[in-house]
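Structure below is my_file-v5.cif: mmCIF, C-alpha atoms.
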```
data_protein
loop_
_atom_site.group_PDB
_atom_site.id
_atom_site.type_symbol
_atom_site.label_atom_id
_atom_site.label_comp_id
_atom_site.auth_asym_id
_atom_site.auth_seq_id
_atom_site.Cartn_x
_atom_site.Cartn_y
_atom_site.Cartn_z
ATOM 1 C CA MET L 1 0.000 0.000 0.000
ATOM 2 C CA LYS L 2 1.475 3.268 -1.060
ATOM 3 C CA THR L 3 1.598 6.017 1.428
ATOM 4 C CA ASN L 4 1.451 9.629 0.433
ATOM 5 C CA GLU L 5 5.072 9.943 1.364
ATOM 6 C CA LEU L 6 5.995 7.131 -0.997
ATOM 7 C CA LYS L 7 3.938 8.733 -3.781
ATOM 8 C CA LEU L 8 5.802 11.986 -3.304
ATOM 9 C CA GLU L 9 9.117 10.148 -3.387
ATOM 10 C CA LEU L 10 8.120 8.377 -6.598
ATOM 11 C CA GLN L 11 7.046 11.702 -8.088
ATOM 12 C CA ALA L 12 10.389 13.213 -7.165
ATOM 13 C CA TRP L 13 12.113 10.246 -8.849
ATOM 14 C CA ALA L 14 9.971 10.721 -11.984
ATOM 15 C CA ASP L 15 10.936 14.409 -12.065
ATOM 16 C CA GLY L 16 14.610 13.626 -11.541
ATOM 17 C CA GLN L 17 14.559 15.484 -8.253
ATOM 18 C CA LEU L 18 15.076 12.634 -5.827
ATOM 19 C CA ASP L 19 18.393 14.148 -4.773
ATOM 20 C CA GLN L 20 16.550 17.163 -3.416
ATOM 21 C CA LEU L 21 14.779 15.024 -0.810
ATOM 22 C CA ASP L 22 16.516 14.316 2.440
ATOM 23 C CA LEU L 23 16.778 10.547 2.012
ATOM 24 C CA THR L 24 19.292 8.026 3.138
ATOM 25 C CA PRO L 25 21.138 6.164 0.432
ATOM 26 C CA VAL L 26 19.298 2.993 1.400
ATOM 27 C CA ARG L 27 15.942 4.693 1.035
ATOM 28 C CA ARG L 28 16.959 6.282 -2.265
ATOM 29 C CA ALA L 29 17.977 2.865 -3.628
ATOM 30 C CA GLU L 30 14.671 1.399 -2.467
ATOM 31 C CA ILE L 31 12.718 4.127 -4.306
ATOM 32 C CA GLU L 32 14.640 3.507 -7.476
ATOM 33 C CA ARG L 33 14.017 -0.232 -7.198
ATOM 34 C CA LEU L 34 10.296 0.264 -6.706
ATOM 35 C CA ALA L 35 10.008 2.761 -9.550
ATOM 36 C CA THR L 36 11.611 0.346 -11.983
ATOM 37 C CA SER L 37 10.298 -3.021 -10.846
ATOM 38 C CA ASP L 38 7.119 -2.642 -8.797
ATOM 39 C CA PRO L 39 4.090 -2.681 -11.194
ATOM 40 C CA ALA L 40 1.987 -0.254 -9.156
ATOM 41 C CA ALA L 41 4.873 2.137 -8.717
ATOM 42 C CA ARG L 42 5.748 1.958 -12.421
ATOM 43 C CA GLU L 43 2.145 2.704 -13.341
ATOM 44 C CA LEU L 44 2.140 5.719 -11.038
ATOM 45 C CA VAL L 45 5.413 6.997 -12.466
ATOM 46 C CA ALA L 46 4.162 6.543 -16.033
ATOM 47 C CA GLY L 47 1.005 8.495 -15.224
ATOM 48 C CA LEU L 48 2.966 11.302 -13.604
ATOM 49 C CA ARG L 49 5.333 11.585 -16.535
ATOM 50 C CA ALA L 50 2.417 11.639 -19.016
ATOM 51 C CA MET L 51 0.762 14.439 -17.066
ATOM 52 C CA SER L 52 3.999 16.373 -16.974
ATOM 53 C CA THR L 53 4.353 16.016 -20.736
ATOM 54 C CA VAL L 54 0.828 17.246 -21.359
ATOM 55 C CA LEU L 55 1.283 20.238 -19.067
ATOM 56 C CA LYS L 56 4.538 21.222 -20.707
ATOM 57 C CA ALA L 57 2.955 21.013 -24.168
ATOM 58 C CA ASN L 58 -0.150 22.984 -23.150
ATOM 59 C CA PRO L 59 0.747 25.525 -20.537
ATOM 60 C CA PRO L 60 -2.276 27.300 -19.068
ATOM 61 C CA GLU L 61 -2.678 30.933 -20.117
ATOM 62 C CA TYR L 62 -2.683 33.441 -17.347
ATOM 63 C CA THR L 63 -3.877 37.012 -17.637
ATOM 64 C CA VAL L 64 -2.691 39.533 -15.170
ATOM 65 C CA PRO L 65 -5.722 41.340 -13.836
ATOM 66 C CA ALA L 66 -5.375 45.074 -13.723
ATOM 67 C CA ALA L 67 -5.191 46.357 -10.222
ATOM 68 C CA ARG L 68 -7.900 48.641 -8.930
ATOM 69 C CA ASP L 69 -5.292 51.342 -8.554
ATOM 70 C CA PHE L 70 -4.694 51.207 -12.288
ATOM 71 C CA TYR L 71 -8.372 51.786 -13.078
ATOM 72 C CA TRP L 72 -8.685 54.596 -10.595
ATOM 73 C CA SER L 73 -5.548 56.254 -11.894
ATOM 74 C CA GLN L 74 -7.025 56.175 -15.406
ATOM 75 C CA ILE L 75 -10.285 57.656 -14.166
ATOM 76 C CA GLN L 76 -8.493 60.352 -12.207
ATOM 77 C CA ARG L 77 -6.412 61.242 -15.256
ATOM 78 C CA ARG L 78 -9.513 61.652 -17.400
ATOM 79 C CA ILE L 79 -11.353 63.656 -14.792
ATOM 80 C CA ASP L 80 -8.338 65.968 -14.517
ATOM 81 C CA ALA L 81 -8.299 66.350 -18.309
ATOM 82 C CA ALA L 82 -12.002 67.177 -18.298
ATOM 83 C CA ALA L 83 -11.483 69.700 -15.500
ATOM 84 C CA ARG L 84 -8.680 71.425 -17.437
ATOM 85 C CA SER L 85 -10.813 71.856 -20.512
ATOM 86 C CA GLU L 86 -13.894 72.945 -18.589
ATOM 87 C CA SER L 87 -12.898 76.609 -18.754
ATOM 88 C CA ARG L 88 -13.072 76.482 -22.566
ATOM 89 C CA VAL L 89 -16.729 75.467 -22.603
ATOM 90 C CA ALA L 90 -19.374 78.214 -22.485
ATOM 91 C CA PRO L 91 -21.642 77.782 -19.495
ATOM 92 C CA ALA L 92 -24.839 76.117 -20.613
ATOM 93 C CA ALA L 93 -28.149 77.272 -19.242
ATOM 94 C CA GLY L 94 -29.283 74.759 -16.691
ATOM 95 C CA GLY L 95 -27.062 71.980 -18.007
ATOM 96 C CA GLY L 96 -23.498 72.925 -17.221
ATOM 97 C CA TRP L 97 -22.732 69.920 -15.136
ATOM 98 C CA LEU L 98 -23.480 67.436 -17.887
ATOM 99 C CA ARG L 99 -19.946 68.025 -19.151
ATOM 100 C CA TRP L 100 -18.688 66.311 -15.995
ATOM 101 C CA LEU L 101 -20.686 63.266 -16.967
ATOM 102 C CA LEU L 102 -19.708 63.062 -20.606
ATOM 103 C CA PRO L 103 -15.946 63.521 -20.784
ATOM 104 C CA VAL L 104 -14.648 61.924 -23.876
ATOM 105 C CA GLY L 105 -13.206 58.565 -23.088
ATOM 106 C CA GLY L 106 -13.971 59.111 -19.439
ATOM 107 C CA LEU L 107 -17.597 58.097 -19.538
ATOM 108 C CA ALA L 108 -16.832 54.465 -20.147
ATOM 109 C CA ALA L 109 -13.949 54.581 -17.642
ATOM 110 C CA VAL L 110 -16.170 56.064 -14.938
ATOM 111 C CA ALA L 111 -18.847 53.471 -15.585
ATOM 112 C CA ILE L 112 -16.294 50.666 -15.452
ATOM 113 C CA GLY L 113 -14.688 52.046 -12.317
ATOM 114 C CA LEU L 114 -17.989 52.435 -10.528
ATOM 115 C CA ALA L 115 -19.079 48.977 -11.623
ATOM 116 C CA LEU L 116 -15.875 47.536 -10.197
ATOM 117 C CA VAL L 117 -16.204 49.246 -6.866
ATOM 118 C CA ARG L 118 -19.919 49.355 -6.327
ATOM 119 C CA GLY L 119 -21.137 46.678 -8.679
ATOM 120 C CA GLU L 120 -23.466 49.079 -10.489
ATOM 121 C CA LYS L 121 -23.259 51.940 -12.917
ATOM 122 C CA SER L 122 -24.246 55.285 -11.542
ATOM 123 C CA LEU L 123 -23.906 58.197 -13.897
ATOM 124 C CA GLY L 124 -26.114 60.576 -12.030
ATOM 125 C CA GLN L 125 -28.711 62.754 -13.698
ATOM 126 C CA PRO L 126 -27.734 65.939 -15.466
ATOM 127 C CA GLU L 127 -29.780 68.950 -14.718
ATOM 128 C CA GLY L 128 -32.246 69.623 -17.482
ATOM 129 C CA LEU L 129 -31.683 66.244 -19.103
ATOM 130 C CA ALA L 130 -33.617 63.269 -17.860
ATOM 131 C CA ASP L 131 -31.628 60.069 -17.641
ATOM 132 C CA VAL L 132 -33.914 57.691 -19.461
ATOM 133 C CA GLY L 133 -31.610 54.895 -18.509
ATOM 134 C CA SER L 134 -29.073 52.538 -19.945
ATOM 135 C CA ASP L 135 -29.422 49.132 -21.445
ATOM 136 C CA GLU L 136 -27.411 45.967 -21.519
ATOM 137 C CA SER L 137 -25.253 47.333 -24.321
ATOM 138 C CA GLY L 138 -24.031 50.161 -22.073
ATOM 139 C CA ALA L 139 -25.638 52.926 -24.097
ATOM 140 C CA VAL L 140 -27.014 55.778 -22.055
ATOM 141 C CA VAL L 141 -30.040 57.811 -23.120
ATOM 142 C CA PHE L 142 -30.739 61.353 -21.996
ATOM 143 C CA ARG L 143 -33.732 63.466 -22.953
ATOM 144 C CA SER L 144 -34.615 67.120 -22.481
ATOM 145 C CA GLU L 145 -38.248 67.880 -23.133
ATOM 146 C CA SER L 146 -37.735 71.627 -22.873
ATOM 147 C CA GLU L 147 -34.948 71.661 -25.457
ATOM 148 C CA GLY L 148 -36.415 68.887 -27.584
ATOM 149 C CA VAL L 149 -33.158 66.939 -27.521
ATOM 150 C CA THR L 150 -32.725 63.195 -27.201
ATOM 151 C CA ILE L 151 -29.177 61.917 -26.806
ATOM 152 C CA CYS L 152 -28.218 58.270 -27.107
ATOM 153 C CA TRP L 153 -24.567 57.832 -26.172
ATOM 154 C CA LEU L 154 -23.057 54.526 -27.120
ATOM 155 C CA ASP L 155 -20.514 52.751 -25.026
ATOM 156 C CA MET R 1 -73.801 84.003 -30.222
ATOM 157 C CA LYS R 2 -73.839 80.272 -30.041
ATOM 158 C CA PHE R 3 -73.697 80.065 -33.853
ATOM 159 C CA LEU R 4 -70.659 82.389 -33.948
ATOM 160 C CA SER R 5 -68.890 80.359 -31.262
ATOM 161 C CA ALA R 6 -69.596 77.138 -33.114
ATOM 162 C CA ARG R 7 -68.332 78.635 -36.384
ATOM 163 C CA LYS R 8 -65.149 79.786 -34.688
ATOM 164 C CA ALA R 9 -64.679 76.307 -33.308
ATOM 165 C CA VAL R 10 -65.118 74.750 -36.737
ATOM 166 C CA VAL R 11 -62.686 77.209 -38.322
ATOM 167 C CA GLY R 12 -60.206 76.527 -35.571
ATOM 168 C CA LEU R 13 -60.474 72.802 -36.071
ATOM 169 C CA LEU R 14 -60.037 73.203 -39.817
ATOM 170 C CA LEU R 15 -56.905 75.297 -39.303
ATOM 171 C CA VAL R 16 -55.456 72.760 -36.917
ATOM 172 C CA GLY R 17 -56.302 69.952 -39.278
ATOM 173 C CA PHE R 18 -54.745 71.809 -42.209
ATOM 174 C CA SER R 19 -51.517 72.478 -40.356
ATOM 175 C CA PHE R 20 -51.480 68.900 -39.137
ATOM 176 C CA ALA R 21 -51.964 67.618 -42.649
ATOM 177 C CA SER R 22 -49.262 69.935 -43.911
ATOM 178 C CA ALA R 23 -46.873 68.563 -41.361
ATOM 179 C CA TRP R 24 -47.594 64.930 -41.908
ATOM 180 C CA GLY R 25 -48.921 64.761 -45.394
ATOM 181 C CA GLY R 26 -46.706 64.503 -48.426
ATOM 182 C CA GLU R 27 -42.984 64.069 -48.160
ATOM 183 C CA CYS R 28 -41.168 64.167 -44.873
ATOM 184 C CA LYS R 29 -37.522 65.044 -45.257
ATOM 185 C CA LEU R 30 -35.057 64.489 -42.476
ATOM 186 C CA ARG R 31 -31.463 65.620 -42.353
ATOM 187 C CA ALA R 32 -28.811 63.321 -40.946
ATOM 188 C CA GLN R 33 -25.453 64.894 -40.226
ATOM 189 C CA LEU R 34 -22.287 63.173 -39.107
ATOM 190 C CA VAL R 35 -20.638 65.617 -36.757
ATOM 191 C CA TRP R 36 -17.157 65.481 -35.298
ATOM 192 C CA GLY R 37 -16.762 66.907 -31.823
ATOM 193 C CA THR R 38 -13.260 68.002 -30.944
ATOM 194 C CA ASP R 39 -11.284 70.598 -29.076
ATOM 195 C CA GLY R 40 -8.900 70.819 -31.989
ATOM 196 C CA GLU R 41 -9.205 72.373 -35.384
ATOM 197 C CA LYS R 42 -10.699 70.632 -38.392
ATOM 198 C CA PRO R 43 -8.706 67.659 -39.684
ATOM 199 C CA ASP R 44 -5.835 68.544 -41.995
ATOM 200 C CA GLY R 45 -6.723 68.678 -45.635
ATOM 201 C CA LYS R 46 -10.442 68.536 -45.069
ATOM 202 C CA ASP R 47 -12.606 71.551 -45.593
ATOM 203 C CA LEU R 48 -15.365 70.693 -43.193
ATOM 204 C CA PRO R 49 -18.064 73.237 -42.456
ATOM 205 C CA GLU R 50 -18.824 74.171 -38.918
ATOM 206 C CA LEU R 51 -22.095 72.975 -37.462
ATOM 207 C CA GLU R 52 -24.795 75.636 -37.653
ATOM 208 C CA ALA R 53 -25.137 77.763 -34.562
ATOM 209 C CA LYS R 54 -28.654 76.635 -33.740
ATOM 210 C CA LEU R 55 -27.647 72.975 -33.551
ATOM 211 C CA LYS R 56 -24.400 73.838 -31.853
ATOM 212 C CA GLY R 57 -26.503 75.413 -29.137
ATOM 213 C CA LYS R 58 -28.292 72.116 -28.643
ATOM 214 C CA LEU R 59 -24.921 70.464 -28.139
ATOM 215 C CA SER R 60 -24.028 72.869 -25.365
ATOM 216 C CA HIS R 61 -24.306 70.033 -22.874
ATOM 217 C CA PHE R 62 -21.215 68.500 -24.399
ATOM 218 C CA ARG R 63 -17.732 69.638 -23.603
ATOM 219 C CA TRP R 64 -16.147 70.034 -26.998
ATOM 220 C CA LYS R 65 -15.076 73.330 -28.443
ATOM 221 C CA ASN R 66 -15.678 72.638 -32.122
ATOM 222 C CA TYR R 67 -18.190 70.664 -34.101
ATOM 223 C CA TRP R 68 -17.398 69.926 -37.730
ATOM 224 C CA VAL R 69 -19.916 68.496 -40.168
ATOM 225 C CA VAL R 70 -18.292 65.555 -41.890
ATOM 226 C CA LYS R 71 -21.246 64.621 -44.050
ATOM 227 C CA SER R 72 -24.842 65.725 -44.381
ATOM 228 C CA GLU R 73 -27.630 64.031 -46.221
ATOM 229 C CA ASP R 74 -31.334 64.773 -46.589
ATOM 230 C CA THR R 75 -33.643 61.795 -46.865
ATOM 231 C CA ASP R 76 -37.348 61.551 -47.562
ATOM 232 C CA VAL R 77 -38.791 59.073 -45.051
ATOM 233 C CA SER R 78 -42.385 59.232 -46.237
ATOM 234 C CA GLY R 79 -43.621 55.779 -47.098
ATOM 235 C CA VAL R 80 -43.094 52.444 -45.428
ATOM 236 C CA GLU R 81 -39.667 51.622 -46.779
ATOM 237 C CA ALA R 82 -36.541 52.373 -44.826
ATOM 238 C CA LYS R 83 -34.261 54.934 -46.427
ATOM 239 C CA LYS R 84 -30.524 54.730 -46.027
ATOM 240 C CA ALA R 85 -28.167 57.654 -45.705
ATOM 241 C CA THR R 86 -24.447 56.967 -45.910
ATOM 242 C CA LEU R 87 -22.348 59.331 -43.838
ATOM 243 C CA GLY R 88 -18.804 58.284 -44.498
ATOM 244 C CA LYS R 89 -17.731 55.674 -41.977
ATOM 245 C CA CYS R 90 -21.255 55.231 -40.715
ATOM 246 C CA ALA R 91 -24.695 54.938 -42.181
ATOM 247 C CA VAL R 92 -28.192 55.417 -40.885
ATOM 248 C CA GLU R 93 -31.406 53.792 -41.975
ATOM 249 C CA LEU R 94 -34.482 55.887 -41.326
ATOM 250 C CA ARG R 95 -37.979 54.509 -41.315
ATOM 251 C CA ASP R 96 -41.362 55.894 -40.393
ATOM 252 C CA THR R 97 -42.950 53.020 -38.488
ATOM 253 C CA GLY R 98 -46.408 54.354 -39.243
ATOM 254 C CA LYS R 99 -47.149 54.542 -35.538
ATOM 255 C CA GLY R 100 -45.838 58.034 -35.074
ATOM 256 C CA GLN R 101 -42.298 56.815 -34.466
ATOM 257 C CA LEU R 102 -39.124 57.279 -36.437
ATOM 258 C CA GLU R 103 -36.879 54.243 -36.319
ATOM 259 C CA VAL R 104 -33.190 54.977 -36.744
ATOM 260 C CA LYS R 105 -30.728 52.176 -37.323
ATOM 261 C CA LEU R 106 -27.082 53.076 -37.011
ATOM 262 C CA PHE R 107 -24.448 51.114 -38.898
ATOM 263 C CA ASN R 108 -20.692 51.128 -38.984
ATOM 264 C CA VAL R 109 -19.247 51.001 -42.498
ATOM 265 C CA ASP R 110 -15.980 49.091 -42.734
ATOM 266 C CA LYS R 111 -13.287 49.629 -45.358
ATOM 267 C CA ASP R 112 -14.943 47.034 -47.596
ATOM 268 C CA GLY R 113 -18.243 48.851 -47.442
ATOM 269 C CA LYS R 114 -19.923 46.240 -45.291
ATOM 270 C CA LEU R 115 -22.458 47.438 -42.790
ATOM 271 C CA LYS R 116 -22.364 46.402 -39.181
ATOM 272 C CA HIS R 117 -25.430 47.233 -37.138
ATOM 273 C CA LEU R 118 -24.580 49.185 -34.012
ATOM 274 C CA ARG R 119 -27.788 50.439 -32.541
ATOM 275 C CA THR R 120 -31.480 51.039 -33.194
ATOM 276 C CA VAL R 121 -33.225 53.979 -31.592
ATOM 277 C CA THR R 122 -36.719 55.345 -31.975
ATOM 278 C CA GLU R 123 -37.991 58.862 -31.593
ATOM 279 C CA PRO R 124 -41.509 60.242 -31.857
ATOM 280 C CA MET R 125 -41.910 61.885 -35.261
ATOM 281 C CA GLU R 126 -43.922 64.667 -33.682
ATOM 282 C CA LYS R 127 -40.956 65.776 -31.598
ATOM 283 C CA LEU R 128 -38.772 66.036 -34.648
ATOM 284 C CA GLN R 129 -41.498 67.831 -36.564
ATOM 285 C CA LYS R 130 -41.685 70.382 -33.763
ATOM 286 C CA GLY R 131 -37.991 71.161 -34.061
ATOM 287 C CA GLY R 132 -36.603 68.399 -31.911
ATOM 288 C CA THR R 133 -33.202 66.823 -32.371
ATOM 289 C CA LEU R 134 -32.085 63.223 -32.073
ATOM 290 C CA ILE R 135 -28.395 62.632 -31.415
ATOM 291 C CA VAL R 136 -26.674 59.260 -31.457
ATOM 292 C CA GLY R 137 -22.994 59.343 -30.721
ATOM 293 C CA GLY R 138 -20.022 57.951 -28.923
ATOM 294 C CA ASP R 139 -16.419 58.537 -28.060
ATOM 295 C CA SER R 140 -13.979 58.260 -30.922
ATOM 296 C CA LYS R 141 -12.058 55.005 -30.940
ATOM 297 C CA ASP R 142 -9.356 56.498 -33.142
ATOM 298 C CA THR R 143 -8.721 59.910 -31.678
ATOM 299 C CA TRP R 144 -8.404 60.475 -28.014
ATOM 300 C CA ASN R 145 -10.733 63.102 -26.608
ATOM 301 C CA ASP R 146 -12.838 63.413 -29.753
ATOM 302 C CA ALA R 147 -16.316 62.152 -30.389
ATOM 303 C CA TRP R 148 -18.617 61.482 -33.270
ATOM 304 C CA MET R 149 -22.326 61.998 -33.379
ATOM 305 C CA VAL R 150 -25.131 61.612 -35.873
ATOM 306 C CA VAL R 151 -27.526 64.522 -35.563
ATOM 307 C CA ILE R 152 -31.000 64.008 -36.993
ATOM 308 C CA THR R 153 -33.407 66.873 -37.545
ATOM 309 C CA VAL R 154 -36.123 67.807 -39.963
ATOM 310 C CA ALA R 155 -34.526 69.124 -43.140
ATOM 311 C CA PRO R 156 -35.159 72.786 -43.809
ATOM 312 C CA PRO R 157 -37.563 73.435 -46.686
ATOM 313 C CA ALA R 158 -35.989 73.884 -50.082
ATOM 314 C CA PRO R 159 -35.684 77.546 -51.108
ATOM 315 C CA ALA R 160 -38.473 78.676 -53.424
ATOM 316 C CA ARG R 161 -37.391 79.112 -57.025
#
```
Re-express the file's structure as structure tokens.
Amino acid sequence: MKTNELKLELQAWADGQLDQLDLTPVRRAEIERLATSDPAARELVAGLRAMSTVLKANPPEYTVPAARDFYWSQIQRRIDAAARSESRVAPAAGGGWLRWLLPVGGLAAVAIGLALVRGEKSLGQPEGLADVGSDESGAVVFRSESEGVTICWLD
Amino acid sequence: MKFLSARKAVVGLLLVGFSFASAWGGECKLRAQLVWGTDGEKPDGKDLPELEAKLKGKLSHFRWKNYWVVKSEDTDVSGVEAKKATLGKCAVELRDTGKGQLEVKLFNVDKDGKLKHLRTVTEPMEKLQKGGTLIVGGDSKDTWNDAWMVVITVAPPAPAR
């Protein structure tokens, strides 16, 4: 009956790393004998080597998730850019603060950032423009009855 | 007195009906304009007109300094068939649903001329007829800080000859 310790020793032998285990020479010789002559041990070693081969041929793909700090730094950068250009925009009657909600490139970033942190999109409601809502595609619809304007902003 | 009041009411109704028929009867031309919103000047080598002041006023909620008209096309949407207007890299299909709604389908036009449907929006025809504006837009994927928008309004009447 193989113990877990024996299985680990056989795995180390299959990987050519038996020397890295703290084994006596007698024990090391015993492991080598089992790995080459014992049917159960040979089957285990063959299975381990096959798995190793498959893993080496098909390494799993890892993607590095962007840290929250990265997203927030992007959002902050876009908000700062929007704030710098604010002085160039003529004040709009009753709707000046919409420009904070529709910075170019920042709208999607704000929505993503808020979704990450709060799990929901919250774009607020510009004065004078009713937020009709957004749909699963991410598009946001605003409407002003007084100005007769309907805006559908795609994500 | 009652007869005069009734006659005034009938005349009033006729006037309303006439104006209503004028608005809805016959052709209904809409103007679709592809507008580029930017803080910069117009793209090099392209003589793009600036968006008219009245429409620019309706875009006052946006943050851009300049709005250049890339392409403008007038389309008659009377009838049941959808009418397509190609505006450079995008196209719109306009259709009067017959239920008082204008259906607008927005397409992206790739370099091979193939259309890819982006979005369908609807707007009450009455709002447009009364001077309303429908805007469908998004941030530019090519140029940072710029945006594109398709502005749909009723086309101005053709000048009398």
- [ ] Compile the contact shell of region 29-40 of chain R as a PyMOL selection string: residues with an atom at most 6 Å away, counting only C-alpha atoms, same-chain residues fewer than 5 positions apart removed.
- [x] chain R and resi 64-76+146-155
Task: Expansion of the PyMOL selection byres ((chain R and resi 77) around 9) into residues, as a count of residues only - done: 16
Task: Residue nearest Lys56 (chain R) among R:Val92, R:Met125, R:Leu115, R:Ile135 (counting only C-alpha atoms) - done: R:Ile135
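Counting from CA of Ala85 (chain R), the distance to CA of Ala158 (chain R) is 18.5 Å.
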Task: Residues of chain R within 8 Å of chain L, all atoms listed in the file counted, as a list in words - done: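 Written out as asked, the residues are Lys58, Ser60, His61, Phe62, Arg63, Trp64, Lys65, Val121, Lys127, Leu128, Gly131, Gly132, Thr133, Leu134, Ile135, Val136, Gly137, Gly138, Asp139, Ser140, Trp144, Asn145, Asp146 and Ala147 of chain R.
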Task: Å distance separating CA of Leu87 (chain R) from CA of Thr122 (chain R), one decimal place - done: 19.1 Å
Open item on the list: Just to confirm, what's the straight-line distance from CA of Thr3 (chain L) to CA of Ala41 (chain L) in Å (one decimal)?
Closed with: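 Taking CA of Thr3 (chain L) as the start and CA of Ala41 (chain L) as the end point, the length is 11.3 Å.
All protein, DNA and RNA residues at most 12 Å from (6.3, 12.4, -9.0) are Asn4, Glu5, Leu6, Lys7, Leu8, Glu9, Leu10, Gln11, Ala12, Trp13, Ala14, Asp15, Gly16, Gln17, Leu18, Ile31, Ala35, Ala41, Arg42, Glu43, Leu44, Val45, Ala46, Gly47, Leu48, Arg49, Ala50, Met51 and Ser52 of chain L, using only C-alpha atoms.
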Let me have the centre and edge lengths in Å, one decimal, of the box along x, y and z around every listed atom of region 63-74 of chain R with 4 Å of margin on each side, as AutoDock Vina command-line options.
```
--center_x -23.2 --center_y 68.7 --center_z -35.1 --size_x 24.3 --size_y 17.3 --size_z 31.0
```
